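*Asks:* Got final-v1.cif for you, mmCIF, C-alpha atoms:
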```cif
data_work
#
loop_
_atom_site.label_atom_id
_atom_site.label_comp_id
_atom_site.auth_asym_id
_atom_site.auth_seq_id
_atom_site.Cartn_x
_atom_site.Cartn_y
_atom_site.Cartn_z
CA MET A 1 117.17 211.95 -99.87
CA THR A 2 113.92 211.40 -101.76
CA LYS A 3 114.10 212.69 -105.30
CA LYS A 4 111.95 212.06 -108.28
CA GLU A 5 112.77 212.05 -111.94
CA ILE A 6 111.81 215.28 -113.67
CA THR A 7 111.79 216.10 -117.38
CA ILE A 8 115.08 217.18 -118.90
CA GLN A 9 113.44 220.54 -119.66
CA GLN A 10 112.68 220.92 -115.95
CA GLY A 11 116.27 219.91 -115.26
CA ILE A 12 117.74 222.92 -116.99
CA MET A 13 115.39 225.15 -115.02
CA ALA A 14 116.89 223.94 -111.72
CA PHE A 15 119.84 226.32 -111.97
CA PRO A 16 119.34 229.21 -109.57
CA GLY A 17 120.07 231.94 -112.12
CA PHE A 18 122.76 233.59 -114.15
CA PRO A 19 123.92 237.21 -114.18
CA ILE A 20 121.73 239.30 -116.43
CA VAL A 21 123.61 241.72 -118.68
CA LEU A 22 122.93 244.15 -121.48
CA VAL A 23 124.89 243.25 -124.60
CA CYS A 24 125.46 245.90 -127.27
CA VAL A 25 126.33 245.01 -130.84
CA LYS A 26 126.86 248.15 -132.90
CA ASP A 27 124.02 250.49 -131.82
CA ASN A 28 121.61 247.80 -130.62
CA ILE A 29 121.07 246.31 -127.14
CA ILE A 30 119.82 242.91 -126.07
CA THR A 31 119.17 241.60 -122.57
CA VAL A 32 121.01 238.34 -121.99
CA ALA A 33 121.28 235.84 -119.13
CA ALA A 34 123.10 233.48 -121.50
CA VAL A 35 126.43 234.86 -120.37
CA SER A 36 129.44 233.31 -118.72
CA PHE A 37 133.14 233.72 -118.35
CA PHE A 38 135.10 231.40 -120.66
CA SER A 39 138.73 231.79 -119.58
CA PHE A 40 140.64 233.66 -116.93
CA GLY A 41 143.50 234.01 -119.43
CA ASP A 42 146.86 234.75 -117.91
CA ARG A 43 148.81 237.86 -117.11
CA GLN A 44 151.09 237.45 -120.10
CA GLU A 45 149.79 236.89 -123.60
CA ASN A 46 146.25 235.62 -123.27
CA PRO A 47 143.41 237.92 -122.26
CA PRO A 48 140.41 236.68 -120.29
CA MET A 49 137.47 235.54 -122.40
CA VAL A 50 133.72 235.64 -121.93
CA MET A 51 130.81 234.23 -123.89
CA VAL A 52 127.27 235.25 -124.71
CA GLY A 53 124.53 233.09 -126.21
CA ILE A 54 122.29 234.60 -128.87
CA VAL A 55 119.18 233.07 -130.45
CA PRO A 56 119.71 233.09 -134.25
CA THR A 57 116.38 234.75 -135.02
CA ARG A 58 117.45 237.86 -133.11
CA TYR A 59 118.51 241.13 -134.71
CA THR A 60 121.69 240.91 -132.63
CA TYR A 61 122.62 237.71 -134.46
CA GLU A 62 122.34 239.54 -137.79
CA LEU A 63 124.48 242.38 -136.48
CA LEU A 64 127.13 239.87 -135.44
CA LYS A 65 127.47 238.89 -139.09
CA GLU A 66 128.51 242.48 -139.81
CA THR A 67 130.77 243.12 -136.88
CA ASP A 68 133.03 240.99 -134.70
CA ASP A 69 132.69 242.72 -131.38
CA TYR A 70 130.23 243.36 -128.57
CA SER A 71 130.11 245.04 -125.21
CA ILE A 72 128.85 243.46 -122.00
CA ASN A 73 127.26 245.98 -119.67
CA ILE A 74 126.31 244.95 -116.14
CA PRO A 75 123.12 246.69 -115.01
CA THR A 76 121.83 247.32 -111.50
CA ILE A 77 118.33 247.26 -110.03
CA GLU A 78 117.73 250.90 -111.05
CA LEU A 79 117.79 249.72 -114.66
CA LEU A 80 115.20 246.95 -114.27
CA GLU A 81 112.75 248.68 -116.63
CA ALA A 82 115.48 249.10 -119.25
CA ILE A 83 116.41 245.42 -118.82
CA LYS A 84 112.82 244.43 -119.54
CA ILE A 85 112.53 246.73 -122.55
CA CYS A 86 115.80 245.51 -124.07
CA GLY A 87 114.67 241.93 -123.46
CA SER A 88 111.22 242.26 -125.00
CA LYS A 89 111.40 244.83 -127.81
CA SER A 90 113.15 243.92 -131.04
CA GLY A 91 115.96 245.86 -132.62
CA TRP A 92 114.31 245.09 -135.95
CA GLU A 93 111.59 247.54 -134.91
CA VAL A 94 112.88 250.07 -132.40
CA ASN A 95 116.01 251.89 -131.38
CA LYS A 96 116.48 250.37 -127.94
CA PHE A 97 118.77 253.09 -126.61
CA GLU A 98 115.83 255.47 -127.12
CA ALA A 99 113.14 253.02 -126.04
CA ALA A 100 114.97 252.20 -122.80
CA ASN A 101 116.23 255.73 -122.21
CA LEU A 102 119.89 254.62 -122.17
CA THR A 103 122.93 256.58 -123.34
CA PRO A 104 125.31 255.14 -125.95
CA LYS A 105 128.97 255.75 -125.23
CA THR A 106 131.72 255.27 -127.80
CA ALA A 107 134.07 252.43 -126.94
CA LYS A 108 137.84 252.63 -127.16
CA LYS A 109 138.74 249.42 -128.96
CA ILE A 110 135.52 248.12 -130.49
CA SER A 111 132.84 249.46 -132.83
CA SER A 112 129.88 248.54 -130.61
CA TYR A 113 128.64 251.07 -128.09
CA LEU A 114 128.89 250.86 -124.31
CA ILE A 115 125.98 251.78 -122.03
CA GLU A 116 126.76 254.83 -119.95
CA GLU A 117 124.25 254.00 -117.18
CA CYS A 118 125.77 250.58 -116.40
CA PRO A 119 128.49 250.57 -113.71
CA VAL A 120 130.56 247.96 -115.55
CA ASN A 121 131.40 247.90 -119.27
CA LEU A 122 133.49 245.20 -120.95
CA GLU A 123 134.71 245.68 -124.54
CA CYS A 124 134.95 242.28 -126.25
CA LYS A 125 136.23 241.04 -129.59
CA VAL A 126 134.71 237.84 -130.97
CA VAL A 127 137.30 235.10 -131.38
CA HIS A 128 135.13 232.03 -131.80
CA LYS A 129 131.52 231.08 -132.49
CA VAL A 130 130.00 227.83 -131.19
CA GLU A 131 126.98 226.79 -133.20
CA LEU A 132 125.67 223.26 -132.64
CA GLN A 133 122.81 221.65 -134.49
CA GLY A 134 119.62 221.64 -132.49
CA SER A 135 120.78 224.35 -130.11
CA SER A 136 118.50 227.26 -129.24
CA HIS A 137 121.53 229.53 -128.85
CA THR A 138 124.73 230.30 -130.74
CA TRP A 139 127.56 231.25 -128.39
CA PHE A 140 130.00 234.02 -129.23
CA ILE A 141 133.26 233.76 -127.34
CA GLY A 142 134.98 237.09 -126.95
CA GLU A 143 138.31 238.33 -125.63
CA ILE A 144 137.98 241.23 -123.22
CA VAL A 145 140.06 244.05 -124.69
CA ALA A 146 139.10 246.89 -122.35
CA ALA A 147 137.08 247.21 -119.12
CA TYR A 148 135.58 250.05 -117.07
CA GLN A 149 134.01 250.14 -113.64
CA GLN A 150 132.35 252.69 -111.41
CA ASP A 151 134.34 253.18 -108.21
CA SER A 152 131.40 252.35 -106.00
CA TYR A 153 130.35 249.21 -107.94
CA ASP A 154 129.91 246.11 -105.86
CA ARG A 155 128.96 242.65 -107.13
CA SER A 156 125.91 242.66 -104.88
CA GLN A 157 124.36 245.40 -107.08
CA ALA A 158 124.00 243.04 -110.04
CA ILE A 159 120.93 240.93 -110.81
CA LEU A 160 120.31 237.26 -111.57
CA TYR A 161 117.75 235.94 -114.00
CA TRP A 162 116.32 232.57 -114.81
CA PRO A 163 112.87 231.86 -116.24
CA ARG A 164 110.86 233.62 -115.01
CA GLU A 165 112.42 235.37 -112.07
CA TYR A 166 114.72 238.28 -111.49
CA ARG A 167 116.64 237.88 -108.24
CA PHE A 168 118.97 239.93 -106.13
CA ILE A 169 122.48 238.67 -105.45
CA GLY A 170 122.49 237.34 -101.90
CA GLU A 171 124.80 237.95 -98.97
CA VAL A 172 128.35 236.69 -98.81
CA ILE A 173 128.45 233.40 -96.90
CA LYS A 174 130.72 233.61 -93.87
CA LYS A 175 133.29 230.89 -94.05
CA MET B 176 128.41 258.14 -114.35
CA THR B 177 132.07 258.32 -113.38
CA LYS B 178 133.92 255.16 -114.28
CA LYS B 179 137.55 254.40 -114.57
CA GLU B 180 139.36 251.94 -116.76
CA ILE B 181 140.28 248.75 -114.93
CA THR B 182 142.50 245.89 -116.07
CA ILE B 183 140.89 243.26 -118.23
CA GLN B 184 141.62 240.76 -115.44
CA GLN B 185 139.61 242.95 -113.06
CA GLY B 186 136.93 243.13 -115.73
CA ILE B 187 136.20 239.42 -115.61
CA MET B 188 135.93 239.63 -111.83
CA ALA B 189 133.05 242.13 -112.09
CA PHE B 190 130.50 239.38 -112.68
CA PRO B 191 128.47 238.84 -109.52
CA GLY B 192 128.86 235.06 -109.44
CA PHE B 193 127.85 231.84 -111.10
CA PRO B 194 126.04 228.82 -109.67
CA ILE B 195 128.47 226.51 -107.96
CA VAL B 196 127.95 222.83 -108.71
CA LEU B 197 129.59 219.49 -108.02
CA VAL B 198 130.51 217.71 -111.24
CA CYS B 199 131.12 213.96 -111.19
CA VAL B 200 133.09 212.20 -113.87
CA LYS B 201 133.21 208.47 -113.23
CA ASP B 202 133.85 208.16 -109.48
CA ASN B 203 135.49 211.56 -108.99
CA ILE B 204 134.01 214.94 -107.99
CA ILE B 205 135.13 218.48 -108.79
CA THR B 206 133.65 221.77 -107.59
CA VAL B 207 132.88 224.03 -110.55
CA ALA B 208 131.51 227.55 -110.98
CA ALA B 209 132.43 227.36 -114.67
CA VAL B 210 128.98 226.10 -115.50
CA SER B 211 126.22 227.43 -117.69
CA PHE B 212 123.27 226.32 -119.70
CA PHE B 213 124.04 226.09 -123.44
CA SER B 214 120.68 225.44 -125.09
CA PHE B 215 117.06 225.15 -124.02
CA GLY B 216 116.58 222.59 -126.77
CA ASP B 217 113.02 222.04 -127.85
CA ARG B 218 110.27 219.68 -126.87
CA GLN B 219 110.70 217.53 -129.96
CA GLU B 220 114.09 216.18 -131.00
CA ASN B 221 116.71 218.27 -129.31
CA PRO B 222 117.44 217.97 -125.60
CA PRO B 223 118.59 220.92 -123.51
CA MET B 224 122.35 221.29 -123.22
CA VAL B 225 124.67 222.55 -120.50
CA MET B 226 128.38 223.20 -120.33
CA VAL B 227 131.13 222.93 -117.75
CA GLY B 228 134.64 224.38 -117.93
CA ILE B 229 137.52 222.23 -116.72
CA VAL B 230 141.17 223.26 -116.32
CA PRO B 231 143.27 220.78 -118.35
CA THR B 232 145.65 220.01 -115.47
CA ARG B 233 142.79 218.57 -113.43
CA TYR B 234 142.20 214.88 -112.85
CA THR B 235 138.65 215.44 -114.15
CA TYR B 236 140.09 216.44 -117.52
CA GLU B 237 141.97 213.13 -117.69
CA LEU B 238 138.81 211.22 -116.79
CA LEU B 239 136.96 212.98 -119.60
CA LYS B 240 139.37 211.38 -122.03
CA GLU B 241 138.12 207.99 -120.84
CA THR B 242 134.44 208.68 -120.65
CA ASP B 243 132.04 210.98 -122.45
CA ASP B 244 129.61 211.81 -119.70
CA TYR B 245 129.32 213.72 -116.44
CA SER B 246 126.74 214.56 -113.84
CA ILE B 247 125.95 218.04 -112.56
CA ASN B 248 124.85 218.04 -108.94
CA ILE B 249 123.50 221.23 -107.38
CA PRO B 250 124.51 221.50 -103.72
CA THR B 251 122.94 223.54 -100.92
CA ILE B 252 124.47 225.44 -98.01
CA GLU B 253 124.55 222.28 -95.85
CA LEU B 254 127.20 220.94 -98.24
CA LEU B 255 129.54 223.94 -98.03
CA GLU B 256 132.31 221.91 -96.42
CA ALA B 257 132.00 219.23 -99.12
CA ILE B 258 132.07 221.97 -101.79
CA LYS B 259 135.34 223.25 -100.35
CA ILE B 260 136.88 219.79 -100.09
CA CYS B 261 135.93 218.87 -103.66
CA GLY B 262 137.31 222.22 -104.85
CA SER B 263 140.65 222.00 -103.06
CA LYS B 264 141.65 218.32 -102.87
CA SER B 265 142.79 216.54 -106.00
CA GLY B 266 141.30 213.35 -107.38
CA TRP B 267 144.87 212.34 -108.22
CA GLU B 268 145.40 211.91 -104.48
CA VAL B 269 142.16 211.21 -102.68
CA ASN B 270 138.79 209.61 -103.17
CA LYS B 271 136.62 212.71 -102.88
CA PHE B 272 133.40 210.85 -102.13
CA GLU B 273 135.15 209.60 -98.99
CA ALA B 274 136.99 212.83 -98.21
CA ALA B 275 133.81 214.90 -98.48
CA ASN B 276 131.56 212.29 -96.91
CA LEU B 277 129.28 212.12 -99.95
CA THR B 278 127.36 209.12 -101.26
CA PRO B 279 127.79 207.95 -104.86
CA LYS B 280 124.58 206.91 -106.58
CA THR B 281 124.47 204.94 -109.81
CA ALA B 282 123.04 206.93 -112.71
CA LYS B 283 120.48 205.59 -115.15
CA LYS B 284 121.91 206.63 -118.50
CA ILE B 285 125.55 207.55 -117.86
CA SER B 286 128.58 205.87 -116.34
CA SER B 287 129.46 208.74 -113.96
CA TYR B 288 127.99 208.74 -110.48
CA LEU B 289 125.39 211.13 -109.09
CA ILE B 290 125.68 212.64 -105.61
CA GLU B 291 122.92 211.44 -103.33
CA GLU B 292 123.12 214.44 -100.96
CA CYS B 293 122.48 217.05 -103.71
CA PRO B 294 118.81 217.93 -104.27
CA VAL B 295 119.29 218.17 -108.05
CA ASN B 296 121.15 215.71 -110.30
CA LEU B 297 121.53 216.10 -114.06
CA GLU B 298 122.89 213.24 -116.17
CA CYS B 299 124.79 214.65 -119.17
CA LYS B 300 126.41 213.16 -122.25
CA VAL B 301 129.27 215.12 -123.81
CA VAL B 302 128.47 216.18 -127.38
CA HIS B 303 131.13 218.80 -128.01
CA LYS B 304 134.38 220.09 -126.53
CA VAL B 305 135.50 223.71 -126.95
CA GLU B 306 139.23 224.09 -126.49
CA LEU B 307 140.75 227.42 -127.55
CA GLN B 308 144.42 228.28 -127.49
CA GLY B 309 145.36 230.40 -124.50
CA SER B 310 142.23 229.50 -122.56
CA SER B 311 142.48 228.51 -118.91
CA HIS B 312 139.45 226.22 -119.31
CA THR B 313 138.22 223.62 -121.78
CA TRP B 314 134.43 223.55 -122.01
CA PHE B 315 132.50 220.30 -122.30
CA ILE B 316 129.04 220.76 -123.75
CA GLY B 317 126.65 218.05 -122.66
CA GLU B 318 123.12 217.03 -123.50
CA ILE B 319 120.96 216.43 -120.45
CA VAL B 320 119.68 212.87 -120.74
CA ALA B 321 118.02 212.46 -117.33
CA ALA B 322 117.23 214.75 -114.38
CA TYR B 323 116.18 214.30 -110.76
CA GLN B 324 115.01 216.76 -108.14
CA GLN B 325 114.01 216.70 -104.51
CA ASP B 326 110.38 217.73 -104.09
CA SER B 327 111.24 220.54 -101.68
CA TYR B 328 114.11 221.97 -103.78
CA ASP B 329 113.91 225.67 -104.47
CA ARG B 330 116.38 227.71 -106.51
CA SER B 331 117.05 229.90 -103.52
CA GLN B 332 118.80 226.95 -101.80
CA ALA B 333 121.65 227.01 -104.33
CA ILE B 334 124.90 228.95 -103.94
CA LEU B 335 126.85 231.39 -106.11
CA TYR B 336 130.61 231.59 -106.32
CA TRP B 337 133.10 233.99 -107.81
CA PRO B 338 136.64 234.58 -106.59
CA ARG B 339 136.77 234.58 -103.66
CA GLU B 340 133.26 234.66 -102.31
CA TYR B 341 130.46 232.22 -101.78
CA ARG B 342 127.09 233.97 -101.82
CA PHE B 343 123.50 233.09 -101.17
CA ILE B 344 120.94 233.47 -103.95
CA GLY B 345 118.97 236.61 -103.20
CA GLU B 346 115.26 237.32 -103.02
CA VAL B 347 113.01 237.36 -106.05
CA ILE B 348 112.59 240.94 -107.28
CA LYS B 349 108.95 241.98 -107.30
CA LYS B 350 108.01 243.15 -110.74
#
```
For the structure just supplied, provide its representation as structure tokens.
*Replies:*
Amino acid sequence: MTKKEITIQQGIMAFPGFPIVLVCVKDNIITVAAVSFFSFGDRQENPPMVMVGIVPTRYTYELLKETDDYSINIPTIELLEAIKICGSKSGWEVNKFEAANLTPKTAKKISSYLIEECPVNLECKVVHKVELQGSSHTWFIGEIVAAYQQDSYDRSQAILYWPREYRFIGEVIKK
Amino acid sequence: MTKKEITIQQGIMAFPGFPIVLVCVKDNIITVAAVSFFSFGDRQENPPMVMVGIVPTRYTYELLKETDDYSINIPTIELLEAIKICGSKSGWEVNKFEAANLTPKTAKKISSYLIEECPVNLECKVVHKVELQGSSHTWFIGEIVAAYQQDSYDRSQAILYWPREYRFIGEVIKK
């Protein structure tokens, strides 16, 4: 197979995409594709963990100095405009719940809000922060402490993002 | 929107999927959906970083005690059988390059092999390990030190995975 060397910056762009989510810290929202699971945990003592990457200049990063929790809210295509607003406006300047026409919902176990319009909400408590010199992002690892899902939610309703494309989730591959 | 509380284990399953990749450490291969970018870096001093999560009982985890590098190889649908073999067989027992009929290629800057049949290869040097108590996975953060891509590669050729589905990458969403 003929391949050519590309720049390392082009290399990181070769990934197809990551799930795009709306992360709430306190009463603010930020759009994030820097999201992954971290641990499946086990069914006994250890809860599953997730992680989100936040750029330190963001308002969300400041809020995470004041609180140690966040919610992950999985949006669907109907919320594409809200995704763009929460990814481009700054919480330093606007109330993003208002700007994106989203409804804050009080969580059960954390101080940050959930987003009513998203079919999946995960309440997460920060347990570890990974901050490496020279990194564009600081990663906040959180334990999931509560989770909610709309009955009709299906993974195929979620959205992928990677610069600079939003993509649908594709079909299941028949084995 | 009517939602009901689900278990936290169900919560982590709500993600739509993550890119599935083949990770080589030395001469072994493991199939991994525990993969994410970590940092975009910058165009001056700091290279982009990625991360892969490895379960500590895996042979790959042992190999990462002996070496501090790995390659990330992005497969396409033609390699589905190889993906399954490298995700189910153990490197303790078989040579996975042989078992999956894949070709090892010498890397330029790391000791681990690249996979010739994958249209994207990223050479990575481990810079940090994140190991939290109670976590199913240990995450190895790596700087990308070299990258290669087939001319005709397109993100839509990659594959997503999340238990227990392989999915195609969907269409680009028109803005």
*Asks:* Could you give me, as a PyMOL selection string, the residues within 6 Å of region 76-79 of chain A, counting all atoms listed in the file and dropping anything in the same chain fewer than 2 positions from it?
*Replies:* chain A and resi 81-82+157-158
*Asks:* Run the PyMOL selection byres ((chain A and resi 18) around 6) on the file and write out the hits as a list in words.
*Replies:*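 Applied to this file, the PyMOL selection byres ((chain A and resi 18) around 6) returns Gly17, Pro19, Ala33, Leu160 and Tyr161 of chain A.
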*Asks:* Would you save the residues from that selection as a PDB file, in the frame of the given file, using C-alpha atoms?
*Replies:*
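Listing of selection-v4.pdb after writing:
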```
ATOM      1  CA  GLY A  17     120.070 231.940-112.120  1.00  0.00           C
ATOM      2  CA  PRO A  19     123.920 237.210-114.180  1.00  0.00           C
ATOM      3  CA  ALA A  33     121.280 235.840-119.130  1.00  0.00           C
ATOM      4  CA  LEU A 160     120.310 237.260-111.570  1.00  0.00           C
ATOM      5  CA  TYR A 161     117.750 235.940-114.000  1.00  0.00           C
TER       6      TYR A 161
END
```
*Asks:* Applying 10 Å and all atoms listed in the file, which residues near region 127-139 of chain A remain after dropping the ones on its own chain fewer than 2 positions away? List them as a PDB file with C-alpha atoms, in the frame of the given file.
*Replies:*
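Resulting contents of selection20.pdb:
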```pdb
ATOM      1  CA  ALA A  34     123.100 233.480-121.500  1.00  0.00           C
ATOM      2  CA  VAL A  35     126.430 234.860-120.370  1.00  0.00           C
ATOM      3  CA  MET A  49     137.470 235.540-122.400  1.00  0.00           C
ATOM      4  CA  VAL A  50     133.720 235.640-121.930  1.00  0.00           C
ATOM      5  CA  MET A  51     130.810 234.230-123.890  1.00  0.00           C
ATOM      6  CA  VAL A  52     127.270 235.250-124.710  1.00  0.00           C
ATOM      7  CA  GLY A  53     124.530 233.090-126.210  1.00  0.00           C
ATOM      8  CA  ILE A  54     122.290 234.600-128.870  1.00  0.00           C
ATOM      9  CA  VAL A  55     119.180 233.070-130.450  1.00  0.00           C
ATOM     10  CA  PRO A  56     119.710 233.090-134.250  1.00  0.00           C
ATOM     11  CA  THR A  57     116.380 234.750-135.020  1.00  0.00           C
ATOM     12  CA  TYR A  61     122.620 237.710-134.460  1.00  0.00           C
ATOM     13  CA  ASP A  68     133.030 240.990-134.700  1.00  0.00           C
ATOM     14  CA  ASP A  69     132.690 242.720-131.380  1.00  0.00           C
ATOM     15  CA  CYS A 124     134.950 242.280-126.250  1.00  0.00           C
ATOM     16  CA  LYS A 125     136.230 241.040-129.590  1.00  0.00           C
ATOM     17  CA  ILE A 141     133.260 233.760-127.340  1.00  0.00           C
ATOM     18  CA  GLY A 142     134.980 237.090-126.950  1.00  0.00           C
ATOM     19  CA  GLU A 143     138.310 238.330-125.630  1.00  0.00           C
TER      20      GLU A 143
ATOM     21  CA  PHE B 212     123.270 226.320-119.700  1.00  0.00           C
ATOM     22  CA  PHE B 213     124.040 226.090-123.440  1.00  0.00           C
ATOM     23  CA  SER B 214     120.680 225.440-125.090  1.00  0.00           C
ATOM     24  CA  PHE B 215     117.060 225.150-124.020  1.00  0.00           C
ATOM     25  CA  GLY B 216     116.580 222.590-126.770  1.00  0.00           C
ATOM     26  CA  ASP B 217     113.020 222.040-127.850  1.00  0.00           C
ATOM     27  CA  GLU B 220     114.090 216.180-131.000  1.00  0.00           C
ATOM     28  CA  ASN B 221     116.710 218.270-129.310  1.00  0.00           C
ATOM     29  CA  PRO B 222     117.440 217.970-125.600  1.00  0.00           C
ATOM     30  CA  PRO B 223     118.590 220.920-123.510  1.00  0.00           C
ATOM     31  CA  MET B 224     122.350 221.290-123.220  1.00  0.00           C
ATOM     32  CA  VAL B 302     128.470 216.180-127.380  1.00  0.00           C
ATOM     33  CA  HIS B 303     131.130 218.800-128.010  1.00  0.00           C
ATOM     34  CA  VAL B 305     135.500 223.710-126.950  1.00  0.00           C
ATOM     35  CA  LEU B 307     140.750 227.420-127.550  1.00  0.00           C
ATOM     36  CA  ILE B 316     129.040 220.760-123.750  1.00  0.00           C
TER      37      ILE B 316
END
```
*Asks:* Should the cut-off be 6 Å, what would the residue list for chain A against chain B look like, counting only C-alpha atoms, as a PyMOL selection string?
*Replies:* chain A and resi 2-6+8+11+16+39-41+46+134-137+146-150+155+166-173
*Asks:* Work out how far apart CA of Ile247 (chain B) and CA of Ala275 (chain B) are and give it in Å to one decimal.
*Replies:*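 We find that CA of Ile247 (chain B) and CA of Ala275 (chain B) lie 16.4 Å from each other.
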*Asks:* Record the distance separating CA of Glu66 (chain A) and CA of Thr103 (chain A), expressed in Å with one decimal.
*Replies:*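 It comes out at 22.4 Å.
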*Asks:* Tell me which of A:Phe140, A:Thr67, A:Trp92, A:Asn73 sits closest to Pro104 (chain A), counting all atoms listed in the file.
*Replies:*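 Ranking A:Phe140, A:Thr67, A:Trp92, A:Asn73 by distance to Pro104 (chain A), first place goes to A:Asn73.
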*Asks:* Could you tell me how far CA of Val126 (chain A) lies from CA of Pro163 (chain A), in Å and to one decimal?
*Replies:*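 Interatomic distance here is 27.0 Å.
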*Asks:* The PyMOL selection byres ((chain B and resi 199) around 7) on the file shown: which residues, as a list in words?
*Replies:*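 Applied to this file, the PyMOL selection byres ((chain B and resi 199) around 7) selects Leu197, Val198, Val200, Lys201, Asp202, Asn203, Ile204, Ile205, Tyr245, Ser246, Ile247, Ser287, Tyr288 and Leu289 of chain B.
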*Asks:* Mind dumping the selected residues with C-alpha atoms as an mmCIF file, in the coordinates of the input?
*Replies:*
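Generated output (selection.cif):
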```cif
data_model
loop_
_atom_site.group_PDB
_atom_site.id
_atom_site.type_symbol
_atom_site.label_atom_id
_atom_site.label_comp_id
_atom_site.auth_asym_id
_atom_site.auth_seq_id
_atom_site.Cartn_x
_atom_site.Cartn_y
_atom_site.Cartn_z
ATOM 1 C CA LEU B 197 129.590 219.490 -108.020
ATOM 2 C CA VAL B 198 130.510 217.710 -111.240
ATOM 3 C CA VAL B 200 133.090 212.200 -113.870
ATOM 4 C CA LYS B 201 133.210 208.470 -113.230
ATOM 5 C CA ASP B 202 133.850 208.160 -109.480
ATOM 6 C CA ASN B 203 135.490 211.560 -108.990
ATOM 7 C CA ILE B 204 134.010 214.940 -107.990
ATOM 8 C CA ILE B 205 135.130 218.480 -108.790
ATOM 9 C CA TYR B 245 129.320 213.720 -116.440
ATOM 10 C CA SER B 246 126.740 214.560 -113.840
ATOM 11 C CA ILE B 247 125.950 218.040 -112.560
ATOM 12 C CA SER B 287 129.460 208.740 -113.960
ATOM 13 C CA TYR B 288 127.990 208.740 -110.480
ATOM 14 C CA LEU B 289 125.390 211.130 -109.090
#
```
*Asks:* Starting from the PyMOL selection byres ((chain A and resi 89) around 12), expand the selection into actual residues of this file and give them as a PyMOL selection string.
*Replies:* chain A and resi 28-31+58-59+81-88+90-100
